[in-house]
Amino acid sequence: MLRAELLGRQAQRESAARTYARTIPVAPVTALGAEVTGADGRTYLDCLSGAGTLALGHNHPAVVTALQEALASGVPLHTLDMITPQKDSFSAELLGRLPGTLRDRAKLHFCSPAGTDAVEAALKLARHATGRTGVIAFTGAYHGMTLGASSVSGPDRMRGAAAQAQPVTRLPYPYGYRCPFGIGGEDGAGLSARLLESFLTDPGSGVAAPAAVILEVVQGEGGVIPGPDSWLREIRRITAAHGVLLIVDEVQTGIGRTGHYWACERAGVTPDILVTSKAVGGGLPLALIAYRPDLDTWLPGDHTGTFRGNTLAMIAGEITLRTVGERQLAERAEKLGARLRSGLRELARDFPQIGDVRGRGLMIGAELVDAGAGPDALGARPGAPEFARAVQAACLDRGLILELGGRGGTVLRLLPPLVLTDAQADTVLDRIADALAAAVSAARRPERAA
C-alpha cells in the first residue's frame with residue numbers, strides 16, 4: 001500500500017516531465033550493491049544504477065563510512081569554490097587518473113552539480129579560448145538538457161528553442177547497425193571523419209571554422225553506439241590539424257564504465273577538454289571539466305555556480321576514483337561486459353527480435369526490432385518500440401530494473417554497477433530471457449484471438 005501511496009502523491013505533486021518514475025514505478029527504500037528493495041517489499045537487480053552514476057553500487061561500505069565520519073567531524077558541507085582538504089585530495093586523485101597528456105597537468109573547473117552544466121562550461125571555454133562560436137556535433141548525441149547542451153544534442157524534443165543558442169553543424173555518428181551512409185562498418189565511420197575534414201578544408205562548405213567538435217566515445221542515450229577507435233583517432237587528427245578543440249563528453253562513459261578508466265583511452269586519444277560527472281562524485285552530485293592549461297583564458301566569474309563545493313561528493317568521489325583504479329574495476333567491467341554481450345547474442349538465436357547487441361564494458365545495448373519486417377540492404381530491421389516497452393515492463397515484473405534508449409526507445413540499456421557479481425550477471429540474462437518470452441507470448445495473443 002505504501003508504494004501505491006508514494007507513487008500516487010508523486011504523480012499529484014511532480015511535473016509531467018518526470019521520466020524514470022513513469023517507466024520504472026518503484027519506490028526504493030533500501031539498497032546495497034546492485035540490489036534495491038522497494039516499498040512493495042520486492043528486491044530488484046539494478047541495471048540502471050543512477051543512469052551509470054553508481055560505479056561502486058548503492059551504499060558501498062567504504063563510501064558510507066567516510067561520509068559518516070565526515071558528517072560527525074564538522075567539516076563544511078558547502079564551500080562554493082574555496083579550497084578544503086577534501087577538495088585538495090579529490091583533485092589530486094582525479095588529476096592522477098586523467099587520460100594521456102591531461103594527467104597531472106590539466107586545469108580543473110568545478111561546475112554546478114550536473115553533467116549538463118559541465119557541457120555548458122566546456123562549450124563556453126572553447127568559444128572563449130578560440131574566439132569562434134560554431135560547434136560541430138553528431139547525430140544521436142545526448143549532452144544534457146540546458147540550452148547550450150540541448151543545442152548540440154540530437155533528438156528533436158531537446159532542441160526546440162535551443163537550436164538558436166549557438167551555431168551547430170551536425171555530422172552523422174558512425175552507427176554500424178543503421179549506417180547513415182548505407183555501407184556500414186569501418187568504411188561508414190571513415191566517411192563521417194572524411195566529411196568533417198571536408199567541412200574544414202573546403203572554402204565552399206558553408207561551415208565556418210568552429211570552436212570545437214563535441215562527441216561521446218560511446219553514445220549512451222542515443223542507443224549505446226560505440227564509435228570505432230579508427231574514427232576517433234581520425235577526429236582527433238583532423239581537429240588538431242585545424243586548430244579545432246576536441247571536447248569529449250565522458251559523463252556516462254568515464255570512471256571504468258566502458259572497460260577503460262576513460263572511454264577515449266582505448267583509442268589512445270586525449271581530448272582538449274574532458275567533461276565528467278555521474279560516477280566522478282561517487283553517487284553524489286558533482287560535475288567538472290578538465291582541460292589543457294593553455295586554454296585557461298577565463299576571467300574570474302566567467303563560469304560560476306553556487307553548488308560547486310560539495311564536500312561530501314568530493315569525499316565519495318575520491319574513494320570511488322581510487323577504488324575503481326586499485327581494484328581494477330575497469331578491467332572487470334571489460335570481462336563481465338563481454339560475458340553479458342555474449343549471453344545476449346545467444347538469446348538472439350532464439351529471439352530474432354534482438355536485432356543487434358553492442359557496447360563496451362558494462363555499457364551494453366540490445367536493439368529490439370520487428371522480426372517480421374523485411375531487412376534493409378545492411379540487414380537491419382525496423383525498430384519495435386512497443387515491444388521494447390513490453391520487455392522493459394516484463395523485466396521489472398521479474399525484478400530487473402533497466403532503461404530504454406536509442407531512436408524511438410528501442411534499445412534495452414544495461415548500466416549495472418561495476419561491482420556486479422558473476423552470479424548476478426547470470427540472473428540478469430535469465431530475467432531478460434524470461435521477459436522476452438513473456439513479451440513475445442503477449443504479442444501473439446491478439447493474433448490468436450483474431
# chains A, B, ... in the order shown; residues from 1 in each chain; ligands from 1
>>> select_by_dssp(residues="stretch 154-355 of chain A", states="alpha helix (DSSP H)", output="number ranges by chain")
A: 156-159, 185-201, 229-241, 311-326, 329-350
>>> select_by_dssp(residues="stretch 110-321 of chain A", states="strand (DSSP E or B)", output="MDAnalysis selection string")
chainID A and resid 110 135:138 168:171 212:215 218:219 225:226 245:249 273:276 288:291 310
>>> write_last_selection(atoms="C-alpha atoms", output="compact mmCIF listing (two decimals), in the first residue's frame")
# COMPACT_ATOMS: atom_id res chain seq x y z
CA PHE A 110 34.19 22.66 -10.91
CA VAL A 135 30.32 23.83 -32.77
CA ILE A 136 30.27 20.56 -34.68
CA ALA A 137 28.22 17.82 -33.02
CA PHE A 138 26.88 14.41 -34.04
CA VAL A 168 25.76 23.95 -34.65
CA THR A 169 26.72 21.77 -37.60
CA ARG A 170 25.85 18.08 -37.36
CA LEU A 171 27.76 15.12 -38.69
CA ALA A 212 35.05 22.80 -31.08
CA VAL A 213 33.89 19.34 -32.00
CA ILE A 214 31.94 17.63 -29.21
CA LEU A 215 31.30 13.89 -29.09
CA VAL A 218 30.03 5.64 -26.83
CA GLN A 219 26.64 7.29 -27.31
CA ILE A 225 26.57 3.11 -30.00
CA PRO A 226 30.37 2.79 -29.80
CA LEU A 245 39.21 21.92 -29.88
CA LEU A 246 38.02 18.39 -29.21
CA ILE A 247 35.53 18.08 -26.35
CA VAL A 248 34.92 14.51 -25.21
CA ASP A 249 31.80 14.05 -23.09
CA ILE A 273 38.54 19.32 -22.87
CA LEU A 274 37.14 16.34 -20.95
CA VAL A 275 33.68 16.55 -19.38
CA THR A 276 32.90 14.37 -16.39
CA LEU A 288 33.61 19.36 -13.72
CA ILE A 289 35.78 19.78 -16.78
CA ALA A 290 39.49 19.05 -17.17
CA TYR A 291 41.35 20.84 -19.94
CA ASN A 310 30.03 19.74 -2.46
>>> closest_residue(among="A:Val391, A:Leu344, A:Ile255, A:Ile401", to="A:Glu331", atoms="only C-alpha atoms")
A:Ile255
>>> closest_residue(among="A:Gly355, A:Pro25, A:Gly325, A:Gly8", to="A:Arg381", atoms="only C-alpha atoms")
A:Gly355
>>> atom_distance(atom1="atom CA of A:Gly309", atom2="atom CA of A:Leu80")
4.5 Å
>>> residues_around(residues="A:Pro174", least_positions_apart="4", cutoff="10 Å", atoms="only C-alpha atoms", output="list in words")
Phe138, Thr139, Gly140, Arg178, Cys179, Pro180, Phe181, Gly184, Gly185, Glu186, Asp187, Gly188, Ala189, Gly190, Leu191, Ser192, Ala193, Ile225, Pro226, Gly227, Pro228 and Trp231 of chain A
>>> write_last_selection(atoms="N, CA and C atoms", output="mmCIF file, in the first residue's frame")
data_model
loop_
_atom_site.group_PDB
_atom_site.id
_atom_site.type_symbol
_atom_site.label_atom_id
_atom_site.label_comp_id
_atom_site.auth_asym_id
_atom_site.auth_seq_id
_atom_site.Cartn_x
_atom_site.Cartn_y
_atom_site.Cartn_z
ATOM 1 N N PHE A 138 27.218 15.614 -33.294
ATOM 2 C CA PHE A 138 26.880 14.406 -34.037
ATOM 3 C C PHE A 138 25.420 14.003 -33.843
ATOM 4 N N THR A 139 24.880 13.374 -34.878
ATOM 5 C CA THR A 139 23.530 12.839 -34.792
ATOM 6 C C THR A 139 23.459 11.815 -33.663
ATOM 7 N N GLY A 140 22.308 11.758 -33.001
ATOM 8 C CA GLY A 140 22.116 10.793 -31.925
ATOM 9 C C GLY A 140 22.723 11.196 -30.604
ATOM 10 N N ARG A 178 22.741 0.804 -38.236
ATOM 11 C CA ARG A 178 21.910 1.630 -39.130
ATOM 12 C C ARG A 178 22.791 2.731 -39.730
ATOM 13 N N CYS A 179 23.759 2.306 -40.510
ATOM 14 C CA CYS A 179 24.758 3.231 -41.040
ATOM 15 C C CYS A 179 24.111 4.352 -41.831
ATOM 16 N N PRO A 180 24.356 5.618 -41.462
ATOM 17 C CA PRO A 180 23.734 6.729 -42.195
ATOM 18 C C PRO A 180 24.212 6.846 -43.638
ATOM 19 N N PHE A 181 25.350 6.220 -43.948
ATOM 20 C CA PHE A 181 25.857 6.244 -45.319
ATOM 21 C C PHE A 181 25.466 4.997 -46.112
ATOM 22 N N GLY A 184 27.975 0.781 -43.738
ATOM 23 C CA GLY A 184 28.300 0.073 -42.516
ATOM 24 C C GLY A 184 29.780 -0.014 -42.199
ATOM 25 N N GLY A 185 30.080 -0.519 -40.983
ATOM 26 C CA GLY A 185 31.429 -0.830 -40.569
ATOM 27 C C GLY A 185 32.388 0.350 -40.555
ATOM 28 N N GLU A 186 33.685 -0.010 -40.663
ATOM 29 C CA GLU A 186 34.739 0.998 -40.631
ATOM 30 C C GLU A 186 34.632 1.973 -41.794
ATOM 31 N N ASP A 187 34.133 1.497 -42.941
ATOM 32 C CA ASP A 187 34.019 2.381 -44.100
ATOM 33 C C ASP A 187 33.038 3.522 -43.830
ATOM 34 N N GLY A 188 31.901 3.199 -43.204
ATOM 35 C CA GLY A 188 30.932 4.232 -42.866
ATOM 36 C C GLY A 188 31.501 5.219 -41.863
ATOM 37 N N ALA A 189 32.222 4.701 -40.865
ATOM 38 C CA ALA A 189 32.848 5.579 -39.880
ATOM 39 C C ALA A 189 33.875 6.486 -40.543
ATOM 40 N N GLY A 190 34.613 5.927 -41.503
ATOM 41 C CA GLY A 190 35.606 6.725 -42.206
ATOM 42 C C GLY A 190 34.999 7.884 -42.965
ATOM 43 N N LEU A 191 33.805 7.667 -43.534
ATOM 44 C CA LEU A 191 33.131 8.753 -44.256
ATOM 45 C C LEU A 191 32.716 9.877 -43.317
ATOM 46 N N SER A 192 32.342 9.521 -42.091
ATOM 47 C CA SER A 192 31.976 10.541 -41.114
ATOM 48 C C SER A 192 33.170 11.465 -40.845
ATOM 49 N N ALA A 193 34.340 10.873 -40.646
ATOM 50 C CA ALA A 193 35.540 11.676 -40.409
ATOM 51 C C ALA A 193 35.931 12.452 -41.660
ATOM 52 N N ILE A 225 25.914 3.237 -28.704
ATOM 53 C CA ILE A 225 26.572 3.105 -30.005
ATOM 54 C C ILE A 225 28.044 3.464 -29.838
ATOM 55 N N PRO A 226 28.940 2.485 -29.949
ATOM 56 C CA PRO A 226 30.367 2.790 -29.800
ATOM 57 C C PRO A 226 30.942 3.361 -31.093
ATOM 58 N N GLY A 227 31.691 4.454 -30.966
ATOM 59 C CA GLY A 227 32.422 4.974 -32.110
ATOM 60 C C GLY A 227 33.696 4.166 -32.304
ATOM 61 N N PRO A 228 33.985 3.693 -33.515
ATOM 62 C CA PRO A 228 35.202 2.895 -33.735
ATOM 63 C C PRO A 228 36.462 3.656 -33.341
ATOM 64 N N TRP A 231 37.924 5.777 -36.119
ATOM 65 C CA TRP A 231 37.154 7.014 -36.317
ATOM 66 C C TRP A 231 37.566 8.070 -35.312
#
>>> residues_around(residues="A:Gly144", least_positions_apart="5", cutoff="7 Å", atoms="only C-alpha atoms", output="MDAnalysis selection string")
chainID A and resid 115:116 149:150
>>> closest_residue(among="A:Ile183, A:Leu378, A:Ala62, A:Cys264", to="A:Ser230", atoms="only C-alpha atoms")
A:Cys264
>>> atom_distance(atom1="atom CA of A:Gly305", atom2="atom CA of A:Pro76")
17.3 Å
>>> atom_distance(atom1="atom CA of A:Leu400", atom2="atom CA of A:Gly256")
22.5 Å
>>> residues_around(residues="A:Leu362", least_positions_apart="6", cutoff="10 Å", atoms="only C-alpha atoms", output="short mmCIF file (atom, residue, chain, number, x, y, z; two decimals) with C-alpha atoms, in the first residue's frame")
data_model
loop_
_atom_site.label_atom_id
_atom_site.label_comp_id
_atom_site.auth_asym_id
_atom_site.auth_seq_id
_atom_site.Cartn_x
_atom_site.Cartn_y
_atom_site.Cartn_z
CA CYS A 47 20.95 -2.37 -14.11
CA GLY A 52 25.55 4.92 -14.60
CA THR A 253 31.43 6.60 -20.07
CA GLY A 256 35.76 2.47 -15.67
CA ARG A 257 32.33 2.09 -17.26
CA THR A 258 33.49 1.04 -20.75
CA GLY A 259 36.38 -1.23 -19.79
CA ALA A 330 37.55 -1.16 -15.45
CA ARG A 332 36.48 -6.28 -14.54
CA ALA A 333 33.84 -4.32 -16.47
CA GLU A 334 35.50 -5.31 -19.74
CA LYS A 335 35.38 -9.04 -18.91
CA LEU A 336 31.91 -9.08 -17.39
CA GLY A 337 30.54 -6.88 -20.17
CA ALA A 338 31.87 -9.29 -22.79
CA ARG A 339 30.15 -12.13 -20.92
CA LEU A 340 26.83 -10.29 -20.85
CA ARG A 341 27.03 -9.34 -24.53
CA ARG A 413 20.22 -0.46 -21.94
CA LEU A 414 22.26 -2.17 -19.23
CA LEU A 415 24.30 0.07 -16.92
CA PRO A 416 24.87 -2.10 -13.84
CA PRO A 417 27.34 -1.07 -11.15
CA LEU A 418 30.91 -2.17 -11.76
CA LEU A 420 28.02 -6.65 -10.27
#
>>> closest_residue(among="A:Ala126, A:Ala423, A:Ile319, A:Val411", to="A:Thr297", atoms="only C-alpha atoms")
A:Ala126
>>> closest_residue(among="A:Ala388, A:Gly74, A:Phe199, A:Asp422", to="A:Ala438", atoms="only C-alpha atoms")
A:Ala388
>>> residues_around(residues="A:Ala287", least_positions_apart="2", cutoff="10 Å", atoms="only C-alpha atoms", output="number ranges by chain")
A: 109-119, 251, 275-281, 284-285, 289, 308, 313
>>> closest_residue(among="A:Asp426, A:Val269, A:Val63, A:Ala209", to="A:Arg236", atoms="only C-alpha atoms")
A:Val269
